[in-house]
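Participant: The file below is input-v2.txt, compact mmCIF, C-alpha atoms:
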# COMPACT_ATOMS: atom_id res chain seq x y z
CA MET A 85 0.00 0.00 0.00
CA LYS A 86 1.48 3.32 -1.06
CA TYR A 87 1.59 6.18 1.43
CA THR A 88 3.88 9.03 2.42
CA THR A 89 6.06 8.32 5.46
CA LEU A 90 7.55 10.98 7.68
CA ASN A 91 11.04 9.67 6.97
CA SER A 92 10.67 10.04 3.20
CA TYR A 93 9.02 13.45 3.54
CA LEU A 94 11.78 14.83 5.77
CA LYS A 95 14.51 13.43 3.54
CA GLU A 96 12.95 15.18 0.57
CA LEU A 97 12.50 18.41 2.54
CA PHE A 98 15.96 18.57 4.13
CA GLY A 99 18.03 16.32 1.89
CA CYS A 100 19.17 14.02 4.70
CA LYS A 101 18.06 11.91 7.66
CA VAL A 102 16.27 13.97 10.30
CA TYR A 103 15.69 13.07 13.96
CA LYS A 104 13.22 14.63 16.39
CA LEU A 105 14.56 15.62 19.79
CA ALA A 106 11.77 15.58 22.39
CA LEU A 107 12.01 18.61 24.66
CA ASP A 108 10.11 19.72 27.75
CA GLY A 109 9.49 23.47 27.85
CA GLY A 110 8.16 23.38 31.41
CA PHE A 111 4.58 24.19 30.42
CA THR A 112 1.29 22.95 31.85
CA CYS A 113 -2.20 22.56 30.36
CA PRO A 114 -5.62 24.22 30.82
CA ASN A 115 -6.95 20.75 31.55
CA ARG A 116 -4.62 20.52 34.55
CA ASP A 117 -4.20 24.00 36.03
CA GLY A 118 -7.90 24.45 36.85
CA THR A 119 -8.88 26.49 33.80
CA LEU A 120 -10.79 23.57 32.27
CA GLY A 121 -9.99 20.87 34.81
CA THR A 122 -7.31 19.47 37.09
CA ARG A 123 -6.95 15.82 36.04
CA GLY A 124 -6.02 16.23 32.40
CA CYS A 125 -7.50 14.24 29.55
CA ILE A 126 -8.62 10.80 30.69
CA PHE A 127 -5.73 9.03 28.91
CA CYS A 128 -2.94 11.52 29.59
CA SER A 129 0.07 10.36 31.60
CA LYS A 130 1.55 12.29 34.49
CA GLY A 131 4.24 13.44 32.07
CA GLY A 132 1.68 15.16 29.86
CA SER A 133 2.35 12.76 26.96
CA GLY A 134 5.99 13.79 27.13
CA ASP A 135 7.30 10.73 28.94
CA PHE A 136 10.25 10.45 26.57
CA ALA A 137 11.13 14.15 26.60
CA GLU A 138 14.26 15.56 28.20
CA ASP A 139 14.41 16.91 31.76
CA ARG A 140 12.51 20.20 32.07
CA SER A 141 14.93 21.43 34.72
CA LEU A 142 17.59 21.77 32.01
CA SER A 143 17.87 24.74 29.66
CA ILE A 144 16.62 24.36 26.11
CA ASN A 145 20.17 24.18 24.76
CA GLU A 146 21.13 21.58 27.38
CA GLN A 147 18.09 19.48 26.43
CA ILE A 148 19.04 19.68 22.76
CA GLU A 149 22.59 18.53 23.48
CA ARG A 150 21.35 15.64 25.62
CA GLY A 151 18.90 14.65 22.92
CA LYS A 152 21.64 14.70 20.29
CA ALA A 153 23.81 12.49 22.50
CA ARG A 154 21.01 9.93 22.80
CA VAL A 155 20.80 9.43 19.03
CA SER A 156 24.48 9.97 18.25
CA ALA A 157 24.96 6.30 17.36
CA LYS A 158 22.16 6.49 14.78
CA ILE A 159 22.98 9.74 13.07
CA LYS A 160 26.15 10.52 11.14
CA ASP A 161 25.35 13.39 8.83
CA GLY A 162 21.80 14.40 9.59
CA LYS A 163 19.71 17.16 11.09
CA TYR A 164 17.37 17.57 14.04
CA ILE A 165 13.90 18.87 14.78
CA ALA A 166 13.32 20.47 18.17
CA TYR A 167 10.05 18.87 19.32
CA PHE A 168 8.30 20.55 22.24
CA GLN A 169 6.27 17.53 23.29
CA ALA A 170 5.20 17.57 26.94
CA TYR A 171 1.86 19.11 27.95
CA THR A 172 0.50 22.14 26.00
CA ASN A 173 3.35 24.04 24.41
CA THR A 174 1.56 27.25 23.50
CA TYR A 175 -0.05 27.62 26.92
CA ALA A 176 2.13 30.32 28.50
CA PRO A 177 2.80 34.05 28.12
CA VAL A 178 4.01 34.83 24.61
CA SER A 179 7.22 36.32 26.01
CA GLU A 180 8.08 32.95 27.58
CA LEU A 181 7.12 31.05 24.44
CA LYS A 182 9.25 33.37 22.31
CA SER A 183 12.28 32.97 24.55
CA LYS A 184 12.18 29.15 24.55
CA PHE A 185 11.20 28.65 20.93
CA THR A 186 13.77 31.16 19.70
CA LYS A 187 16.57 29.43 21.60
CA ALA A 188 15.61 26.14 19.97
CA ILE A 189 15.09 27.37 16.44
CA ASN A 190 18.32 29.37 16.42
CA HIS A 191 20.43 26.39 17.52
CA PRO A 192 22.78 25.65 14.60
CA ASP A 193 21.93 21.91 14.53
CA ILE A 194 18.16 22.44 14.55
CA ALA A 195 16.52 22.39 11.11
CA ALA A 196 12.90 22.90 12.20
CA LEU A 197 10.61 23.40 15.15
CA SER A 198 7.72 21.09 16.09
CA ILE A 199 5.22 22.21 18.73
CA GLY A 200 2.64 19.95 20.35
CA THR A 201 -0.42 21.84 21.58
CA ARG A 202 -4.20 22.09 21.84
CA PRO A 203 -6.29 23.86 19.19
CA ASP A 204 -7.87 26.02 21.90
CA CYS A 205 -4.47 27.41 22.92
CA LEU A 206 -3.64 29.29 19.74
CA SER A 207 -4.52 32.91 20.43
CA GLU A 208 -3.86 35.68 17.93
CA ASP A 209 -0.59 36.69 19.55
CA VAL A 210 0.61 33.06 19.52
CA ILE A 211 -0.23 32.81 15.81
CA GLU A 212 1.81 35.99 15.24
CA LEU A 213 4.77 34.46 17.07
CA LEU A 214 4.54 31.24 15.05
CA ASP A 215 4.45 33.35 11.89
CA GLU A 216 7.73 35.02 12.93
CA LEU A 217 9.36 31.70 13.76
CA ASN A 218 8.22 30.10 10.51
CA LYS A 219 10.14 32.77 8.62
CA ILE A 220 13.36 31.60 10.34
CA LYS A 221 13.00 27.83 9.91
CA PRO A 222 10.04 25.52 9.16
CA VAL A 223 7.48 25.18 11.96
CA PHE A 224 5.20 22.19 12.48
CA VAL A 225 2.28 22.44 14.91
CA GLU A 226 0.86 19.17 16.23
CA LEU A 227 -2.78 19.35 17.34
CA GLY A 228 -4.23 16.84 19.79
CA LEU A 229 -7.68 16.28 18.32
CA GLN A 230 -7.98 12.51 19.05
CA THR A 231 -11.50 12.18 17.59
CA ILE A 232 -14.12 14.17 15.67
CA HIS A 233 -17.01 12.63 17.63
CA LYS A 234 -18.66 14.70 20.35
CA LYS A 235 -19.46 11.84 22.75
CA SER A 236 -15.90 10.53 22.60
CA ALA A 237 -14.49 14.03 23.07
CA GLU A 238 -16.62 14.50 26.17
CA TYR A 239 -15.61 11.08 27.50
CA ILE A 240 -11.89 11.81 27.20
CA ARG A 241 -12.44 15.35 28.63
CA ARG A 242 -10.89 17.03 25.61
CA GLY A 243 -12.42 20.34 26.59
CA TYR A 244 -13.19 22.01 23.24
CA PRO A 245 -15.59 21.47 20.30
CA LEU A 246 -14.59 20.37 16.81
CA GLU A 247 -15.05 23.89 15.39
CA VAL A 248 -12.09 25.06 17.47
CA TYR A 249 -9.88 22.55 15.70
CA ASP A 250 -11.17 23.69 12.31
CA LYS A 251 -10.34 27.33 13.11
CA ALA A 252 -6.90 26.43 14.45
CA VAL A 253 -6.02 24.62 11.22
CA GLU A 254 -7.28 27.57 9.18
CA ASP A 255 -5.26 30.07 11.25
CA LEU A 256 -2.08 27.99 11.03
CA HIS A 257 -2.42 27.47 7.30
CA SER A 258 -2.92 31.22 6.84
CA ILE A 259 0.67 31.74 8.03
CA GLY A 260 2.09 28.77 6.15
CA VAL A 261 2.63 26.51 9.16
CA ASN A 262 2.53 22.75 8.64
CA VAL A 263 -0.28 21.11 10.66
CA VAL A 264 -0.08 17.58 12.09
CA THR A 265 -3.21 16.08 13.66
CA HIS A 266 -3.24 13.40 16.37
CA LEU A 267 -5.98 10.74 16.42
CA ILE A 268 -6.45 7.90 18.91
CA ILE A 269 -7.41 4.50 17.52
CA GLY A 270 -9.51 2.34 19.82
CA LEU A 271 -11.45 4.84 21.93
CA PRO A 272 -14.33 3.21 23.88
CA ASN A 273 -17.58 2.83 21.94
CA GLU A 274 -16.08 4.03 18.65
CA SER A 275 -16.85 1.75 15.71
CA GLU A 276 -14.61 1.14 12.73
CA GLU A 277 -16.80 3.57 10.80
CA ASP A 278 -16.35 6.22 13.50
CA ILE A 279 -12.56 5.85 13.34
CA LEU A 280 -12.46 6.05 9.56
CA ASN A 281 -14.72 9.10 9.58
CA SER A 282 -12.28 10.86 11.91
CA VAL A 283 -9.39 10.00 9.59
CA LYS A 284 -11.26 11.19 6.49
CA TYR A 285 -12.35 14.41 8.18
CA VAL A 286 -8.90 15.50 9.30
CA CYS A 287 -7.28 14.45 6.01
CA ARG A 288 -9.35 17.09 4.23
CA ARG A 289 -7.60 19.68 6.41
CA THR A 290 -4.31 18.52 7.85
CA ASP A 291 -0.83 18.23 6.30
CA GLY A 292 0.21 15.31 8.48
CA ILE A 293 -1.41 12.73 10.73
CA LYS A 294 -0.39 10.70 13.78
CA LEU A 295 -2.34 7.54 14.53
CA GLN A 296 -2.03 6.57 18.18
CA LEU A 297 -3.02 3.26 19.76
CA LEU A 298 -5.20 3.71 22.83
CA HIS A 299 -3.11 2.33 25.66
CA ILE A 300 -3.76 2.35 29.38
CA LEU A 301 -1.18 3.97 31.65
CA GLU A 302 -0.88 3.86 35.41
CA GLY A 303 -1.99 7.03 37.16
CA THR A 304 -4.61 7.98 34.57
CA ASP A 305 -8.38 8.03 35.00
CA LEU A 306 -8.54 5.71 32.00
CA ALA A 307 -6.73 3.12 34.13
CA ASP A 308 -9.60 3.26 36.63
CA GLU A 309 -12.10 2.82 33.80
CA TYR A 310 -10.15 -0.17 32.49
CA ARG A 311 -9.94 -1.85 35.88
CA ALA A 312 -13.69 -1.35 36.31
CA GLY A 313 -14.23 -3.26 33.08
CA ARG A 314 -15.61 -0.27 31.17
CA VAL A 315 -12.78 -0.12 28.62
CA LYS A 316 -11.52 -2.80 26.28
CA VAL A 317 -8.23 -2.62 24.42
CA LEU A 318 -7.48 -3.83 20.92
CA SER A 319 -5.51 -6.95 20.09
CA LEU A 320 -2.47 -6.55 17.83
CA GLU A 321 -4.39 -8.19 14.99
CA GLU A 322 -7.36 -5.85 15.43
CA TYR A 323 -5.10 -2.82 15.54
CA CYS A 324 -3.20 -3.83 12.40
CA ASP A 325 -6.49 -4.37 10.57
CA LEU A 326 -7.70 -0.90 11.56
CA ILE A 327 -4.41 0.71 10.55
CA VAL A 328 -4.61 -0.85 7.08
CA LYS A 329 -8.11 0.56 6.67
CA CYS A 330 -7.04 3.99 7.95
CA VAL A 331 -4.04 4.16 5.63
CA SER A 332 -6.24 3.19 2.69
CA VAL A 333 -8.24 6.44 3.08
CA ILE A 334 -5.28 8.75 3.76
CA PRO A 335 -4.28 10.64 0.59
CA GLU A 336 -0.62 10.62 -0.39
CA ARG A 337 -0.33 14.37 0.16
CA VAL A 338 -0.93 13.78 3.90
CA VAL A 339 2.27 12.68 5.62
CA ILE A 340 1.87 9.81 8.08
CA HIS A 341 4.00 10.78 11.06
CA ARG A 342 3.11 7.75 13.18
CA LEU A 343 1.21 4.49 12.83
CA THR A 344 1.20 3.58 16.51
CA GLY A 345 2.50 4.81 19.83
CA ASP A 346 3.62 3.48 23.17
CA GLY A 347 3.81 4.75 26.71
CA ALA A 348 6.59 4.28 29.21
CA LYS A 349 6.87 0.55 29.93
CA ARG A 350 7.00 1.18 33.68
CA ASP A 351 3.49 2.68 33.51
CA LEU A 352 1.90 0.46 30.85
CA ILE A 353 -1.11 -1.55 31.99
CA ALA A 354 -2.60 -2.59 28.64
CA PRO A 355 -2.33 -3.72 25.93
CA LEU A 356 0.92 -5.35 26.95
CA TRP A 357 1.75 -6.33 23.37
CA SER A 358 2.36 -2.63 22.63
CA ALA A 359 5.52 -2.75 24.77
CA ASP A 360 7.32 -4.74 22.06
CA LYS A 361 7.69 -1.84 19.62
CA LYS A 362 9.74 -3.74 17.06
CA LYS A 363 7.19 -6.56 16.91
CA VAL A 364 4.34 -4.06 16.53
CA ILE A 365 6.03 -2.13 13.72
CA ASN A 366 6.87 -5.37 11.91
CA ALA A 367 3.27 -6.56 12.23
CA ILE A 368 1.92 -3.26 10.89
CA ASN A 369 4.35 -3.24 7.97
CA LYS A 370 3.45 -6.84 7.13
CA ALA A 371 -0.25 -6.00 7.18
CA LEU A 372 0.26 -2.95 4.96
CA SER A 373 2.30 -4.89 2.43
CA SER A 374 -0.04 -7.87 2.17
Could you express the structure from this file as structure tokens?
Facilitator:
Amino acid sequence: MKYTTLNSYLKELFGCKVYKLALDGGFTCPNRDGTLGTRGCIFCSKGGSGDFAEDRSLSINEQIERGKARVSAKIKDGKYIAYFQAYTNTYAPVSELKSKFTKAINHPDIAALSIGTRPDCLSEDVIELLDELNKIKPVFVELGLQTIHKKSAEYIRRGYPLEVYDKAVEDLHSIGVNVVTHLIIGLPNESEEDILNSVKYVCRRTDGIKLQLLHILEGTDLADEYRAGRVKVLSLEEYCDLIVKCVSVIPERVVIHRLTGDGAKRDLIAPLWSADKKKVINAINKALSS
């Protein structure tokens, strides 16, 4: 099955292998600081989905250098993307955002900036800042949508309606920023049709897509739901089947940034098969090529 991978897209864009360095800007989230809630989205880990990011106590430059050291054995003559991953990375005063993002984007080894955030945290002054940054080096903004369906959004405590996502994409595209949309595969009570409708909807808008397996992590409210028997997780075979169907409706112009995802093994409750990342990737690739 033919589709556009992130690796091939970045090689074409930058002319070499590119690695993402996961950084922690020290931000929080309106779903945690009391603005919308205090417990976060139902699935979100205590690390704010940034469990593999660098230590937030370090400076941005120190985090970049540590990230480079981690992948030094894999990269010989490549480039890096500074990926602000943990929590909501546009949820702070613009002066603070500008300071941290500018330090990252001006680092000589950084080829682009990637910012993970919520669509409801992109005010006009943040859009202006992203416009400035995008004139220095390419900027990618990753939006945590997860689903287009209202009941599912309420269940996971997303905290904003679908129209907010639509406006965010429009605003980001107006300044030439590349948009990547996150979707979760396997949310409770979502049918195959529901999942495919989410994929089709975002692919009419987004530049890139991340497909994320629903997994249960310790310390989340989803873990309580799972233990109470109200949440079922997918088998590897079921997940591979869904991924094949999702990829079949993703146009080639939309870059697939991820076909699965995993949490920290120390916190993983289910599905346990997701801990074997190599096995999962091999199974997905086999399903896509068959």
Participant: Pick out the closest residue to Leu214 (chain A) from this set: A:Ala170, A:Ile165, A:Gly260, A:Leu229. Count only C-alpha atoms.
Facilitator: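 Using only C-alpha atoms, the shortest distance to Leu214 (chain A) belongs to A:Gly260.
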Participant: What's the 7 Å shell around region 199-210 of chain A, counting only C-alpha atoms, without same-chain residues fewer than 4 positions away, as a PyMOL selection string?
Facilitator: chain A and resi 167-169+172-175+178+214+224-228+244+248-249+252
Participant: So which residues fall inside 7 Å of (-5.1, -1.5, 1.6) if we count all atoms listed in the file? Mind giving them as number ranges by chain?
Facilitator: A: 85, 328-329, 332, 372
Participant: Find the distance between CA of Ser92 (chain A) and CA of Gly162 (chain A) and write it in Å to one decimal.
Facilitator: 13.6 Å
Participant: Between CA of Arg123 (chain A) and CA of Leu107 (chain A), what is the distance, to one decimal in Å?
Facilitator: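 Going from CA of Arg123 (chain A) over to CA of Leu107 (chain A) covers 22.3 Å.
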Participant: Which residue out of A:Leu301, A:Ile327, A:Val333, A:Val315 has the minimum interatomic distance to Asp346 (chain A) when only C-alpha atoms are used?
Facilitator: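 Ranking A:Leu301, A:Ile327, A:Val333, A:Val315 by distance to Asp346 (chain A), first place goes to A:Leu301.
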Participant: Counting only C-alpha atoms, I want the residues whose atoms come within 9 Å of (-22.9, 9.6, 16.1) in the file frame, returned as a PyMOL selection string.
Facilitator: chain A and resi 233-235+278
Participant: Could you dump the residues just selected with C-alpha atoms as a tab-separated table (two decimals), in the coordinates of the input?
Facilitator:
chain	number	residue	atom	x	y	z
A	233	HIS	CA	-17.01	12.63	17.63
A	234	LYS	CA	-18.66	14.70	20.35
A	235	LYS	CA	-19.46	11.84	22.75
A	278	ASP	CA	-16.35	6.22	13.50
Participant: So, counting only C-alpha atoms, which residue among A:Gly243, A:Gly303, A:Gly109, A:Gly347 is closest to Lys187 (chain A)?
Facilitator: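 Of A:Gly243, A:Gly303, A:Gly109, A:Gly347, the one nearest Lys187 (chain A) is A:Gly109, counting only C-alpha atoms.
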Participant: Hey, which of A:Ala176, A:Ile159, A:Leu97, A:Ile211 ends up closest to Asp117 (chain A)? Count all atoms listed in the file.
Facilitator: A:Ala176
Participant: Measuring between only C-alpha atoms, which one of A:Tyr323, A:Glu247, A:Ser258, A:Ile144 shows the shortest distance to Thr186 (chain A)?
Facilitator: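 Result for the nearest residue to Thr186 (chain A): A:Ile144.
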Participant: Near region 306-310 of chain A, within 10 Å and counting all atoms listed in the file, which residues show up once chain neighbours fewer than 5 positions away are dropped, as a list in words?
Facilitator: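 The residues satisfying every condition are Cys125, Ile126, Phe127, Cys128, Ser129, Tyr239, Ile240, Leu298, His299, Ile300, Leu301, Val315, Lys316, Val317, Leu352, Ile353 and Ala354 of chain A.
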Participant: So which one's closest to Ser236 (chain A), A:Pro192, A:Pro222, A:Gly118, A:Pro272? Using all atoms listed in the file, please.
Facilitator: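 For Ser236 (chain A), the nearest of the candidates is A:Pro272.
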Participant: Grab the CA of Tyr164 (chain A) to CA of Lys221 (chain A) distance for me, in Å with one decimal place.
Facilitator: 11.9 Å
